[in-house]
Structures are given as C-alpha cells and as structure tokens.
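Reading through the structure tokens given below for one structure.
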Amino acid sequence: MARVLAKKNIQKAIVLAGDEPAESAQDKLPDGHMRLYSYFKPGLKAGLYGVESKQYIKASHDNLDDTLSVWNYRGTGPKNTPIDLKLNPATPVIRQEFSVQAPQFNLDPKLINTFYPPAGHQDEGRILPHIVFNDPHVPWLREAGVYYKFLSDPIDPSTTPGPSGRNLVPWMALIAFDPSELQVSGDDAIAIGLSVPDKPDASIKSYVASKLPADGAFQMQIGEYLTKIKTNRIYYEAGYEGDGSNDLEDLKDSTDMTNVIFPQKYLIKQILGSKTTEDIPNPIPVGEDRIFEGQKMMAHVRHINTIGFPDAGVEEEGYYSVIVSSRTGEVHSNNPTPQVVHLVSLEHYDSTLNQPSIIGLADTSRIGLVSLFSWMYTCIPESVNFTDTMKAIAQDTQFLKPPKMSLGSLIQVSQNSPAQQEAAKMLHDRLDKSYTLSRWRTSTGEETVAFNRGPLVAGPTPIVPAKAKNWPKLSMTGKDYQIFDRDLGIMDLTYSSAWSLGKLAAISDSPFNAALLRFRSLVWTKASSNTRMLTNNMAQPAAILARANEAVNTAHALPNNFSGTVSRINPHSTDAVAPDVTSPEVAPIMTKAIQLAVDRYSSDVTGKSLYNDFHLAQAANADWELILNWISDTLYLAHIPAHYLFPEPSHIRATPTISQAIVPNLPPEALRFFFIDHSWIDAFIDGALSCANHLEPDYDSTRLRVKEVYNFYLSSNIHPLEGVSPPVPRFGFIFRSSVVKAIPDLKITVTCWLFDTTNQKFVEDTNKPPRNPVLRLTKMDDFTILCLLDCLPEEISEIKIAQPPHQQRYSMGESLKPAADKSITAELLVRMLYTSKDAPEGTGEHGEWKLLPDGVTPPGTKDKNEQPSHEEQVSFYNADTRCINPIAIAQVVNNKLRNSQKYLNKYDDPVPNACILGMELSDPAYSLTIHQPKDTPPGSGAYNPPTGSKPFDTWTRQLWTGISPDPQPHDPQGKLDTANLPSQPLIPSTTPDPNKIMLPGTGTLSQVSTLTTPPRFNSSSIITLPPFNITSSPGPQTIPGPQFTLLIHVDYRPPPPTPMLANNGQPIYAPMDYLPTDTEYLYDIIIAIRRKNPNLSPGYKLSELRIEMPISPDDKDGPDSHGIVREPLFKMGGYKGPGVRMVRNQRFVPTLYNSVDPAGKPILGVKLIPRSGRQDATIQLLNDGRTNELSVRLAEVELAPVMQRINVAVAQIGADGKGLNKVVNEGRGIVKLWLRESYVVDDKGTTSTVVTDGEVRSVQRGRQPTLALVCVKKGGGDKDLLGNNV
C-alpha cells in the first residue's frame, strides 16, 4: 500500500507514452475541478418490492398466428390438473418479493468521511455544522415520508427538458442543539415512558435520573423505542401499513440498539419548518404546507478529483454527499458554549405531525427522534480559522530538528571553561543534524548515553557514513554499524539500531519471514546441488541427453568395419567424497552458484529478464515477488514505527513560547521538512534480510546477492518509458496540525521545475499532466500527514496545502455579531456562479470566485449594488431560533445571479437548487503555498527558477553492497558457467567511490546544514599518535608496579599457559605457544590482557591502557650497530585488516593507532579507554570483576616472517598429551612488546604510567626474576585442531 500513489503515477505515464488511446475523459474531472449534484437518487430506495413475470410465445403455422402466455401461479384445476391459462386469463401471477436494505435506526461509521466542526474543537457561532459521507446515495437511501407525495420523488422540475425534478428531500437532517434543550426532567421522563416508577422492567435502562447523557441521547433497543415509547415518538407505523405489517412486528421485536433524543415539540417545528414562498414554480397541492420542504436545499453531492488527497491513488475521483445543518451554533453568548450536533432521521416525520395523538400534545411536550450520529463541539465568539493557523505554521517552518531557539541557546550560553564551550558546540552540531541523546544499556549491563536518530534528517547525507573501504557490505549482528565519536566520547547507535529494528520488523512479519526462509532454502538447495555436481565432475542431465543424442547419431554414421578406440559419452565422476561446500577449495564455486541461483529465481516467468513489478510479466517465484515488494515498501518508510521515524518529540512540535507553559495535550502545530538517510534504510534492510539465515553463519552470500539483484531492479528502465526507473523517495515533509483533524483530506500538490532544452533554462512545468513528484501521501494519525517526494528541494517549484472541495466550512454569511440593540442580521455576500462556458475567470485552482458588486468596492467603482438588500438579508436568518431559511436564500441568490448586469447572461438556471446553496454557504477555500522567492524588484510576479544551464543530475538509488569493479549483466537463466568461476558478484555497484559522492545541495529554498564530516567508524580506522615517552617508577603518588599481564595467541587454539622460568632465569615455552608465519590464510590473534591480582581492590584509577607491537620499516630488518635485530610482528606498511574489537569486556573502547618507538621505528598500538561516567573518565581496579579481563581480537593479521631465529626452550609432550619433563631448544622469532598502564593519581588529574616491555633485565638480589614481555613467532605455517592448514 505504501507505493500505491507511485504506481498510479507510473501507470499514467505508461498510458500517455503508449500507442493505445487513454481512457475516455468525457466524464473525467481535471485536477482541481469539482462537479455538483442536487441529489443522487439510488436505483431503488429502501423498502419491499415485488417482481411479476409473464412470458409471451408467438408462433405462426398454416398462415395463422397463435399466442401463448405463460406465468407462475398458485393453485390447480379440477382433480389437481393444471389451470388452463387461456380459459382463465385472470389467474394471478405469483409475485417474487425482495427487500432493499438501507440504514434506518443506526448508521455504519464507515459511511462517514468527516464532519465539521470536529468533536471537541472550537469554532464561531455563524458556522453551520456539516457531515460528509463516502457514499453519494446516503441522504436519499430512504423516502423521507409517505404522507406528502412530494417527499417520494424529485420536485422543482426545470422548464427545459431534463430530469423530472431538480431537488429531493433527504430522509435525514443535521441539527445543532444546546445541551439544555435535550435534558429530560423527571416528569418528562415519566410522560414519555422513559421511566415507569411502579414498573422498573417497563423503564428504559439507559435512563438514570442522576446521570443523564451529555449529548441527550438515550440508547435503547429498537423494539423498546416502538413499544415502550407509545406516543412521544415518530409514527413509524405509517410506512408499514398493509403488506408491511409483518415487518413492523419484526421491528418491535428487534434487539438492535439505537439512540433517541427528546427535543420539545415546538423546537422541532421551528427547526424543521420553513416558510413557503410564492415563487416556487411547483404548485402546492391543497392541504399540503410542505412543513420541512426547506431540507431539500441542505443536502447535495460533490464529484471531486481526489489527486493530492492523503492515501488517495486507487481511485482518482470521489463522490461525496454533504448534509449541512440549517441551524447555527450559539450566537448570543460572549462565552464559550458547548453544542451537540445530531444527525436525526426524518423518516415519517410528516405522518407524525398529522397524527391526532401528536397534534394533541402540548408544544412543550417532547418527541423522540432517532439519532443516527452525534458529536459535540464548543461555540466561541471568535475562533482561530484555517488562515490564521496556517500562517502560524508557515512562520515556524524548519527542517526536522530541535527548535531553532533551543539550539541557539545551547551555544549562546557561556560555559565554565573553553573545553565545555567546545563540547557544547560539538553537541549543538550533532543535534542540528537531527540527532538525539538516548539511554543505552551496553552488552555488559551498564547504562550510558548514546547518539541516535531515525532515517529522516535535517540535511543531505553521504552514501555511507564512513570511508567506503571500511563500511561493511553486510553485518551478522549489527554491531559493525556502531560509530564511536571520539571527540565527545559517545557511541552513535543510529545504524546499529536500524539494523536491529529491521531484523525485528522482519521477524514480526510472518509472511515475509516465511517467504525469505523458503527463498533461502531454494537458493541453497540449487546452489549446493550444482556445486557438488561440478566438484564431482558430474554433468547436468540436459548435457547428458544432448551428448547421448550426438553419440547415437555418430554411431549410426560409423562404417561397419570401424576398429577405432571408443570413449565414454560422459567423463568419469570422481569416486572420492567431495569437500564440504564451505571448504576453501569449493567456496568460490559455491559463491558463484549462489549468485546464479538467486538470478534464476528472481526472474520473471519468461526467464529472460529480472522480475519488475511495474511490468505485466509475473515473477517466476512468488516468494521473490513478496521479498521485492517488502524491500520496495521499506524505501517508502513502510514497516518503520513512527517513534523510530521521529525519535525526538520536539522535532515535530511547534516552537515553545517562553512566556507560556507547555501543555503536552494541545495538538501540535508544525511543518517539518527532511531528507531521507539512505544508509539508515540500507542498514534496516540488511537487518531484515539477515533473518532465516541458518546455512551461512559466517558470511551471508545469499543476502548480498539479493541486494545486488535488487540494485539491478532499481537501475532498470520501466518499459516503455525511456530513462525512467522505479522511483524512490529522497525528500519530504511532515505536517502536524489540528487542521488535519478538522480537514483530513487536505489537498497537497507539488510541482517541479522543467528544463527547457530549447532555451537551456528552467521553466514552470506546464505539461498536461505535469510531473508528479509525490510518491507517498498518507495520514499517520488524526493530526499528522506524511508526504514523500522523489526530488530534492532545489527541484521544487511550489508546494501547496489546500482545503479540499468537500471539506470546507459552511457558514451563515460573513458575520452574525449582535448589534447594539442585540438584533442579529445576516451578512451574506453573494459570489458569482456561472452556467455559461465562457466564464471570464479561469478554471480550476487558478480561478477566482468573485463577489457580485456592492457599489462601494473598490473605491470609485461604477458598478451598481447587486448584493441582497437589507430586507432580503433579514429574511435569511431567524436569530431567535438560530435557523436559516434555505428556500428564501436560494431564491434570492438565484434571482441575483440571473439578473446580474456585470455578469449579464452568465447564469441562466431558473430553478433554485441545493447546489446553489451549497456553494454560496461555503467559506472561501484557502491554501498555504511554499515556493521559491519571487522576482525582486517586482516584475512579472513569477517565481525565481534555478539558475543552472543543464538539467538536474539523474539519481538512481542503490543499496550499499561495497565497491566492485567490472560490472556484468544480470543472468536470469541462472546457468552455472564452469569455464570461469569468479568470486566477485555478477552485478557489482556501478557507482564511483562513495566517499566522494554527496547528494546535491539545497539550492535557494533554504539553507540546510550538511553532514560534511563523516563520523569515524568505531572498529576500523587507524589514527596516528606521537611517541609515548613518559614512564614512571615506584614512588610518591605512583603505582607500585604493573597490574596487568599480556599474552598474544592465535584464535583457533585455546590460550597457552604462561611461560615458566628455569633456574637460570630463561623462559620455557609451551609447545603451542607461538604465532605461525607463512600461513596460507589470514587469521585472528587474541591479545589477552588480565589482572595479576583480581581478588585485590587497590582502587587505582585506570585512565588508559596501551599495547604496542613492532612493524618492519623496510621488510629487511638487519642488525643495528650493536648487532641486535629488531624482530617485527607486522610487515612493512603495518596492519591492513578490518579492525580490532573487545572479546568480552565491553566496558572499554579499543582504538588502533600508528606511532614510533623510542628509536623512531614504526609500531602498531591498541589503546583501550574505559567507558566511564566519572568526571575523570577512569575506572577503578576493584574486586568486582569489571577489570579482570581486557582482551581484544585483532582480525585477519598478516605477520612478518621470522627475521632472526633464536633458540628458546620448548617443553615437550607425548602422544597422549602429557608432559615428558624434557626441554628442547627450537628456533623462534622473539618479538618485544610494550604494555603501558596510565592511572590518575590525584584530584588534579595527574597521571602515572607503568610500562612493561620486552627487555631482559638483571635480577636484583633478593628479588624474583620477571618475564620479559615478548611473543614468539614460528615459520613454516601451521595446522588447526582438525589438522587443516591455516
């Protein structure tokens, strides 16, 4: 559903581009147009109907014609013989009866589109409440009555040939009441039948004298209304006389619920009555006073083009019926006054007024009317209307971030120190880019703070948030997407949380999760089967059959005396068991097979091209169709909860006023623009596609290929449109206001600049239809509309937010303010309407709706006053009853339009109708327009177009899959090519280095802060630090000695024991205590750091810990002047792997750095900084387990070969794994390391550093010898625990 509007736009473009003619536009409304109807009569109104059928058969024979009539009848002739219909032509036909159902005592809420004023809102007393229905037939589904004939059929026929009548009285009316007018006293309740003191069972249960309903409506069963309310109700029996008596009995037994109000009799007659004028062309039959004929003017139908409405797109046109109240709100009070609006049934109201039992009731008696729908609002003297609200919103418009005032105060307030001032500036820069601070619980359980934001940001973002070579193509856990801000010391969880949310959303979506599981299984089965057949040298069945056919043909062609050698049709398959598909030898073949399998199952049914949901061809695999649609909907922000789209509430609320208290329950008033962070969406999709992965735990090739194939879909053209690929949102806005609640179908249109290739400049788009950049327009809740666009701000010419034609206000004139004598006269100004096609004003949204001249405006005008006179205005409105006179207003307006001298012969309809009244009582339609600045100094008044001399750059959305050279075409056939088995993807990214790609600027629309400096990635970047020359020795305010030990070992074996010291002070190493060099593959090393005495609590405050390892400066490493060789751990150029990370203890943040040792030679360092909430940023060494172990993993290392072999003592073990108490000297490379521990020793921040290095020092008398900090290397490769080469 998220892409309904986008697909509708593409469908239009395909129709216009095709050879076939578009659908006939005879009855289609252009954008911005509306067609009105006085009524929409259904084919059959509600009621009981019968069908009688006769068949006439005519035959000719012997020059004679014979006619036979056949029909269904009841009864038989003598002796049960059939009746001879020729002899008995009067035999009655059996009538087939059927009933047309329609609402009567209650109304389905789904029929209601909207109503105004909204429930709980405020508006002026002059406003006439109205209700809009989604079905144009609703007001005329039933007959209003049977007592008067004019209530059954259309009335007021036109003098010209056409419909039988121009107006039709509806069966419902909308009435505004004061709550006090519906309050039923105890005596009234007894008189009505709501309360029967002596018989509680005969009372209406909803009537409780001490707790009367606020809206005055009592809920009861339909049967109770017809039986317990014996007199004071509508006389429904009038509609069920004769054959309908059985239906009436069914109603009296009905237990369905309805709501009933009890206004006084005189009030009902005042509200529903109307004075009949002599100008009504239809003569009044004798005895009919048409007591509520005026209601015919209060309902009409609007046929509207719905383009630009939220959630529109399935149908471009809508028919809406509108009922307007003939009674205004309270106009006499200067204080807010509650009003209750009821949609009441008028069915059989005419018969009720003519019933003797009702005529005999006093005028103050109460009559029960069925209420179909109701709501309450507050009537106030002056209200904030659409214009004022939109002006206030426009003044507060900004991009999606905290209010400008709040951001400004963050850097304007002076801090205590320059460091705090700089920190405030950094925090301001983060918040200015839509970030928010969130509570974060680390994997070890501590609570801290982290940066976070959703996919909607205040400025354009780079393709990836870190350097392209470091940003991962995919993640198995989401932690790869965490970014550490080293300037502020705060983790950025933006993309990591997006990955986790995507996985959660996919797991929660059962159909998608199941489809992904089936698709993965299908791909893996096909790929592994092809791989095993290839590695076992087994031919495909199709190839076997082809070769067999060729061999048979060859054999037939051989001579009979053939004596040559004979070979096998197919080569021998291998007898040995093939390696596992995950083994290094087979992995490249399996990777290629997975790519081809995904290609095959992502094609359409023809097998010739990739499935594209904008084309007619169906998908070859239904699961792929669901997966593709799910990913595409995600690009339109589907599946993402609102609190992730807007994680900070202040981003989408109006700027608070300092002088006023913040009231959280008030509706928000905000218009916020945003860019879409595509990296966030990529992380979300990567997390979603990681689900159902049970077969590739280390590297998800299937997921990567799915993203590559989807990128091919995004870059492919939509046939037959040239250069048009599937559209993807880039920009948008969120509109939150009480206006949305009042007018839910706000019409939003966006137009873009068009590049004129002839004149090489940008002009307004005048194409019919113009390009529609709106891809999604939806209501998120009652107050919020989300709009997504496929263009950037500089491409936009205009954004217009307008009232829709069917959801405007209706009011009684410009004002109903009491005069000095407290009298109220309506001020209804007539606007010109046209029946002539040559109207002087434009049509559509650019048309003007001018007033008839009043003889005063503009000053010096020569036009005569054509507005209604004071006497006519007095007849329009009764201030005592607050009721308008619909017939009088329609008649006067019709006369004014027909007799206008300024617009002579522009209106010639002689019949006043509901359309006229519906238009003249409407408030003007207003709109908020956002556009580029206009010409200055004023010229033509046109908007300033972009100044570029070429079209805007085309942009194709691509999911991040890294950078891969040599793009190859998509192969939907999925045939395994054995000639060349590349390990690179078939569809690599065709974009240049993402580190150099930035989305276009924001032009002149607004100044937007851009993310110019990408955040540094957490575990990949290597920084450069100066040499660390500070050391310390035991003494005052120093640490007595090292508190940690260090051991480096490979990750595929358990850690070896610490070397033992022999009697001569030389270390004895375990057999497996070495780092192998000259290996076939890269491996990870574990730098194990542990507390020496974890059971003690010295309380030292550790601030950082550094491990430094030597790098070869030239890969030669010859001896120095003293003949000493510096054994390097890494080759020249240093470490080039993916990075370092903590093994278990997440209380520390690891950072890689390059530096030099005291001799000026290069080293690689690992710096560990505690994640601390303390002011001095330290962690104490206590007996709490928090600092016992600080090990890190350095991934995919490539060690330097052994430069100088030194014999070291290596303990020997037997075949049973037990020690032999024997030591053998073996050649090893000895790598000297450094371990630096820095501590804060006082409140001033003084630090003390303890260094452990690889130098062998002489043992002082009385002291135990200590081990030098070294690791040993061994050449010749290595094997893992399973015997495989490393």
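Going by the structure tokens order, chains are called A, B, ..., each with residues numbered from 1, while ligands are numbered from 1 in the order shown.
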_Distance query Arg736 in chain A at most 8 Å, only C-alpha atoms, self and fewer than 5 positions along chain excluded, as a list of chain:residue names_ = A:Ile652, A:Arg653, A:Pro668, A:Glu669, A:Ala670, A:Leu671, A:Phe783, A:Thr784, A:Ile785
_Contacts of Lys741 in chain A at 10 Å (only C-alpha atoms; same-chain gap of 6+ positions) as a list in words_ = Thr114, Phe115, Tyr116, Pro117, Pro118, Ala119, His121, Pro667, Asp781, Asp782, Phe783 and Thr784 of chain A
Do you have, as a tab-separated table, the list of residues of range 130-238 of chain A lying at most 9 Å from range 800-813 of chain A, each with its nearest atom pair and that distance in Å to one decimal, counting only C-alpha atoms and ordered by chain then number?
residue	atom	partner	partner_atom	distance
A:His130	CA	A:Tyr810	CA	7.3
A:Ile131	CA	A:Gln807	CA	8.9
A:Val132	CA	A:His806	CA	7.4
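Using only C-alpha atoms, the shortest contact distance between Asp350 in chain A and any of A:Asp698, A:Asp429, A:Asp613, A:Glu143 is found at A:Glu143.
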*Which one of A:Thr702, A:Ser823, A:Ser438, A:Ser180 sits closest to Gln595 in chain A if you count only C-alpha atoms?*
A:Thr702
*Within range 36-129 of chain A, find each residue whose DSSP state, derived from the backbone, is helix (DSSP H, G or I), and express the selection as a list in words.*
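Across range 36-129 of chain A, those assigned helix (DSSP H, G or I) are Pro78, Lys79, Asn80, Pro109, Lys110 and Leu111 of chain A.
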Mind dumping the selected residues with N, CA, C and O atoms as an mmCIF file, in the first residue's frame?
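The resulting file, out-v2.cif, is reproduced below:
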data_model
loop_
_atom_site.group_PDB
_atom_site.id
_atom_site.type_symbol
_atom_site.label_atom_id
_atom_site.label_comp_id
_atom_site.auth_asym_id
_atom_site.auth_seq_id
_atom_site.Cartn_x
_atom_site.Cartn_y
_atom_site.Cartn_z
ATOM 1 N N PRO A 78 -59.499 -28.738 -11.559
ATOM 2 C CA PRO A 78 -60.194 -29.923 -11.043
ATOM 3 C C PRO A 78 -59.283 -31.149 -11.065
ATOM 4 O O PRO A 78 -58.511 -31.350 -12.007
ATOM 5 N N LYS A 79 -59.367 -31.914 -10.019
ATOM 6 C CA LYS A 79 -58.586 -33.150 -9.872
ATOM 7 C C LYS A 79 -57.090 -32.869 -9.968
ATOM 8 O O LYS A 79 -56.312 -33.637 -10.555
ATOM 9 N N ASN A 80 -56.711 -31.734 -9.420
ATOM 10 C CA ASN A 80 -55.304 -31.337 -9.355
ATOM 11 C C ASN A 80 -54.650 -31.216 -10.726
ATOM 12 O O ASN A 80 -53.440 -31.401 -10.883
ATOM 13 N N PRO A 109 -20.447 3.653 10.887
ATOM 14 C CA PRO A 109 -19.457 4.754 10.916
ATOM 15 C C PRO A 109 -18.563 4.808 9.685
ATOM 16 O O PRO A 109 -18.011 5.862 9.370
ATOM 17 N N LYS A 110 -18.396 3.677 8.981
ATOM 18 C CA LYS A 110 -17.543 3.670 7.793
ATOM 19 C C LYS A 110 -18.123 4.515 6.664
ATOM 20 O O LYS A 110 -17.404 4.893 5.739
ATOM 21 N N LEU A 111 -19.421 4.790 6.734
ATOM 22 C CA LEU A 111 -20.025 5.635 5.699
ATOM 23 C C LEU A 111 -19.624 7.090 5.857
ATOM 24 O O LEU A 111 -19.742 7.874 4.918
#
Please identify every residue of range 1146-1215 of chain A that has at least one atom no farther than 8 Å from an atom of range 1115-1131 of chain A, counting only C-alpha atoms, and for each give the shortest atom pair and the distance in Å to one decimal, arranged by chain then increasing number, as JSON lines.
{"residue": "A:Glu1198", "atom": "CA", "partner": "A:Phe1130", "partner_atom": "CA", "distance": 6.6}
{"residue": "A:Leu1199", "atom": "CA", "partner": "A:Phe1130", "partner_atom": "CA", "distance": 4.7}
{"residue": "A:Ala1200", "atom": "CA", "partner": "A:Lys1131", "partner_atom": "CA", "distance": 4.5}
{"residue": "A:Pro1201", "atom": "CA", "partner": "A:Lys1131", "partner_atom": "CA", "distance": 7.9}
{"residue": "A:Val1202", "atom": "CA", "partner": "A:Glu1127", "partner_atom": "CA", "distance": 7.3}
{"residue": "A:Met1203", "atom": "CA", "partner": "A:Glu1127", "partner_atom": "CA", "distance": 6.2}
{"residue": "A:Gln1204", "atom": "CA", "partner": "A:Val1125", "partner_atom": "CA", "distance": 6.9}
Keeping all heavy atoms, export the residues of the selection given above as a CSV table (one decimal), in the first residue's frame.
chain,number,residue,atom,x,y,z
A,1198,GLU,N,48.4,-10.3,9.1
A,1198,GLU,CA,49.4,-10.9,8.2
A,1198,GLU,C,50.8,-10.6,8.9
A,1198,GLU,O,51.2,-9.5,8.9
A,1198,GLU,CB,49.4,-10.3,6.8
A,1198,GLU,CG,50.4,-10.9,5.9
A,1198,GLU,CD,50.2,-10.4,4.4
A,1198,GLU,OE1,49.5,-9.4,4.3
A,1198,GLU,OE2,50.9,-10.9,3.5
A,1199,LEU,N,51.4,-11.6,9.4
A,1199,LEU,CA,52.6,-11.5,10.2
A,1199,LEU,C,53.8,-11.4,9.3
A,1199,LEU,O,53.9,-12.0,8.2
A,1199,LEU,CB,52.8,-12.6,11.2
A,1199,LEU,CG,51.7,-12.7,12.3
A,1199,LEU,CD1,52.1,-13.8,13.3
A,1199,LEU,CD2,51.4,-11.4,13.0
A,1200,ALA,N,54.8,-10.7,9.8
A,1200,ALA,CA,56.1,-10.7,9.1
A,1200,ALA,C,56.8,-12.0,9.3
A,1200,ALA,O,56.7,-12.7,10.3
A,1200,ALA,CB,57.0,-9.5,9.6
A,1201,PRO,N,57.6,-12.5,8.3
A,1201,PRO,CA,58.4,-13.7,8.5
A,1201,PRO,C,59.4,-13.6,9.6
A,1201,PRO,O,59.8,-12.5,10.0
A,1201,PRO,CB,59.0,-14.0,7.2
A,1201,PRO,CG,59.1,-12.6,6.5
A,1201,PRO,CD,57.9,-11.9,7.0
A,1202,VAL,N,59.9,-14.7,10.1
A,1202,VAL,CA,60.9,-14.7,11.1
A,1202,VAL,C,62.2,-14.1,10.5
A,1202,VAL,O,62.8,-14.6,9.5
A,1202,VAL,CB,61.2,-16.1,11.7
A,1202,VAL,CG1,62.3,-16.0,12.8
A,1202,VAL,CG2,59.9,-16.6,12.4
A,1203,MET,N,62.8,-13.0,11.2
A,1203,MET,CA,64.0,-12.4,10.7
A,1203,MET,C,65.2,-13.0,11.3
A,1203,MET,O,66.3,-13.1,10.7
A,1203,MET,CB,63.9,-10.9,10.9
A,1203,MET,CG,62.8,-10.2,10.1
A,1203,MET,SD,63.1,-10.5,8.3
A,1203,MET,CE,61.6,-9.7,7.6
A,1204,GLN,N,65.2,-13.4,12.6
A,1204,GLN,CA,66.4,-13.9,13.3
A,1204,GLN,C,65.9,-15.0,14.2
A,1204,GLN,O,65.0,-14.8,15.1
A,1204,GLN,CB,67.1,-12.8,14.1
A,1204,GLN,CG,68.3,-13.3,14.8
A,1204,GLN,CD,69.0,-12.2,15.6
A,1204,GLN,OE1,68.3,-11.4,16.1
A,1204,GLN,NE2,70.3,-12.3,15.7
_Excluding Ser38 in chain A and its own-chain neighbours fewer than 3 positions away, which residues fall within 6 Å of it when counting only C-alpha atoms? Please give them as number ranges by chain._
A: 167, 300, 914-915
*For Ala392 in chain A, which residue out of A:Val1050, A:Ile1179, A:Ala654, A:Leu828 is the nearest one, using only C-alpha atoms?*
A:Ala654
*Name the residues in contact with Leu1233 in chain A at a cut-off of 8 Å, using only C-alpha atoms, excluding same-chain residues fewer than 5 positions from it; report them as a PyMOL selection string.*
chain A and resi 1107-1110+1253-1254+1269-1271
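Backbone DSSP of range 373-459 of chain A yields strand (DSSP E or B) at Phe373, Ser374, Trp375, Met376, Tyr377, Thr378, Cys379, Ile380, Gln398, Phe399, Thr436, Leu437, Ser438, Arg439, Trp440, Arg441, Glu447, Thr448, Val449, Ala450, Phe451, Asn452, Leu456 and Val457 of chain A.
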_Among listed residues A:Glu625, A:Asp1114, A:Asp480, A:Asp633, nearest Leu516 in chain A (using only C-alpha atoms)_ = A:Glu625
_Which residues are close to Asn899 in chain A, i.e. within 12 Å by only C-alpha atoms, leaving aside same-chain residues fewer than 4 positions away? Reply as a ChimeraX atom specification._
/A:832,852,865-868,892-895,903-910
Go ahead and write the selection's residues with N, CA, C and O atoms as an mmCIF file, in the first residue's frame.
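result-v1.cif, written as the output of this step:
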data_model
loop_
_atom_site.group_PDB
_atom_site.id
_atom_site.type_symbol
_atom_site.label_atom_id
_atom_site.label_comp_id
_atom_site.auth_asym_id
_atom_site.auth_seq_id
_atom_site.Cartn_x
_atom_site.Cartn_y
_atom_site.Cartn_z
ATOM 1 N N MET A 832 -20.358 35.091 -7.476
ATOM 2 C CA MET A 832 -20.842 34.802 -8.808
ATOM 3 C C MET A 832 -20.630 33.347 -9.168
ATOM 4 O O MET A 832 -19.558 32.780 -8.955
ATOM 5 N N LEU A 852 -20.422 39.469 -6.246
ATOM 6 C CA LEU A 852 -21.201 40.423 -7.036
ATOM 7 C C LEU A 852 -20.882 41.830 -6.541
ATOM 8 O O LEU A 852 -20.572 42.038 -5.358
ATOM 9 N N ASN A 865 -24.959 48.244 -6.981
ATOM 10 C CA ASN A 865 -25.035 47.237 -5.929
ATOM 11 C C ASN A 865 -25.959 46.100 -6.378
ATOM 12 O O ASN A 865 -27.140 46.308 -6.642
ATOM 13 N N GLU A 866 -25.407 44.914 -6.458
ATOM 14 C CA GLU A 866 -26.191 43.741 -6.843
ATOM 15 C C GLU A 866 -26.311 42.734 -5.701
ATOM 16 O O GLU A 866 -26.812 41.626 -5.896
ATOM 17 N N GLN A 867 -25.823 43.102 -4.522
ATOM 18 C CA GLN A 867 -25.919 42.221 -3.364
ATOM 19 C C GLN A 867 -27.339 42.264 -2.789
ATOM 20 O O GLN A 867 -28.094 43.202 -3.049
ATOM 21 N N PRO A 868 -27.750 41.257 -1.997
ATOM 22 C CA PRO A 868 -29.087 41.265 -1.396
ATOM 23 C C PRO A 868 -29.306 42.514 -0.542
ATOM 24 O O PRO A 868 -28.391 42.986 0.148
ATOM 25 N N VAL A 892 -33.452 34.065 -3.474
ATOM 26 C CA VAL A 892 -32.841 35.392 -3.653
ATOM 27 C C VAL A 892 -31.524 35.273 -4.403
ATOM 28 O O VAL A 892 -31.242 36.061 -5.330
ATOM 29 N N VAL A 893 -30.697 34.316 -4.028
ATOM 30 C CA VAL A 893 -29.405 34.151 -4.699
ATOM 31 C C VAL A 893 -29.606 33.831 -6.167
ATOM 32 O O VAL A 893 -28.927 34.371 -7.047
ATOM 33 N N ASN A 894 -30.557 32.967 -6.462
ATOM 34 C CA ASN A 894 -30.815 32.615 -7.851
ATOM 35 C C ASN A 894 -31.236 33.834 -8.667
ATOM 36 O O ASN A 894 -30.782 34.033 -9.799
ATOM 37 N N ASN A 895 -32.101 34.683 -8.074
ATOM 38 C CA ASN A 895 -32.529 35.905 -8.764
ATOM 39 C C ASN A 895 -31.366 36.853 -8.989
ATOM 40 O O ASN A 895 -31.248 37.471 -10.058
ATOM 41 N N TYR A 903 -22.361 40.592 -14.861
ATOM 42 C CA TYR A 903 -22.143 39.278 -15.455
ATOM 43 C C TYR A 903 -23.419 38.887 -16.213
ATOM 44 O O TYR A 903 -24.063 37.885 -15.894
ATOM 45 N N LEU A 904 -23.747 39.676 -17.173
ATOM 46 C CA LEU A 904 -25.000 39.506 -17.900
ATOM 47 C C LEU A 904 -24.977 38.184 -18.682
ATOM 48 O O LEU A 904 -24.007 37.870 -19.379
ATOM 49 N N ASN A 905 -26.081 37.431 -18.513
ATOM 50 C CA ASN A 905 -26.284 36.169 -19.232
ATOM 51 C C ASN A 905 -25.219 35.124 -18.923
ATOM 52 O O ASN A 905 -25.009 34.195 -19.699
ATOM 53 N N LYS A 906 -24.558 35.278 -17.786
ATOM 54 C CA LYS A 906 -23.573 34.283 -17.386
ATOM 55 C C LYS A 906 -24.198 33.195 -16.514
ATOM 56 O O LYS A 906 -23.584 32.159 -16.289
ATOM 57 N N TYR A 907 -25.420 33.460 -16.015
ATOM 58 C CA TYR A 907 -26.122 32.462 -15.211
ATOM 59 C C TYR A 907 -27.579 32.481 -15.641
ATOM 60 O O TYR A 907 -28.250 33.523 -15.561
ATOM 61 N N ASP A 908 -28.095 31.343 -16.119
ATOM 62 C CA ASP A 908 -29.440 31.338 -16.665
ATOM 63 C C ASP A 908 -30.301 30.189 -16.139
ATOM 64 O O ASP A 908 -31.294 29.822 -16.758
ATOM 65 N N ASP A 909 -29.935 29.602 -14.994
ATOM 66 C CA ASP A 909 -30.724 28.498 -14.431
ATOM 67 C C ASP A 909 -31.920 29.082 -13.679
ATOM 68 O O ASP A 909 -31.734 29.812 -12.698
ATOM 69 N N PRO A 910 -33.153 28.772 -14.065
ATOM 70 C CA PRO A 910 -34.318 29.378 -13.399
ATOM 71 C C PRO A 910 -34.713 28.681 -12.105
ATOM 72 O O PRO A 910 -35.557 29.197 -11.364
#
*Might you pull out every residue within 12 Å of Lys862 in chain A, with only C-alpha atoms counted and same-chain residues fewer than 5 positions away left off, and present them as a list in words?*
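Non-adjacent residues within range: Pro853, Asp854, Gly855, Val856, Thr857, Gln901 and Lys902 of chain A.
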*What does the distance between CA of Pro30 in chain A and CA of Asn772 in chain A come to in Å, to one decimal place?*
14.5 Å
*CA of Asn549 in chain A and CA of Asn537 in chain A are how many Å apart?*
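CA of Asn537 in chain A lies at a distance of 20.3 Å from CA of Asn549 in chain A.
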*Can you work out the spacing between CA of Val100 in chain A and CA of Glu293 in chain A in Å, to one decimal?*
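Distance reported for this atom pair: 25.5 Å.
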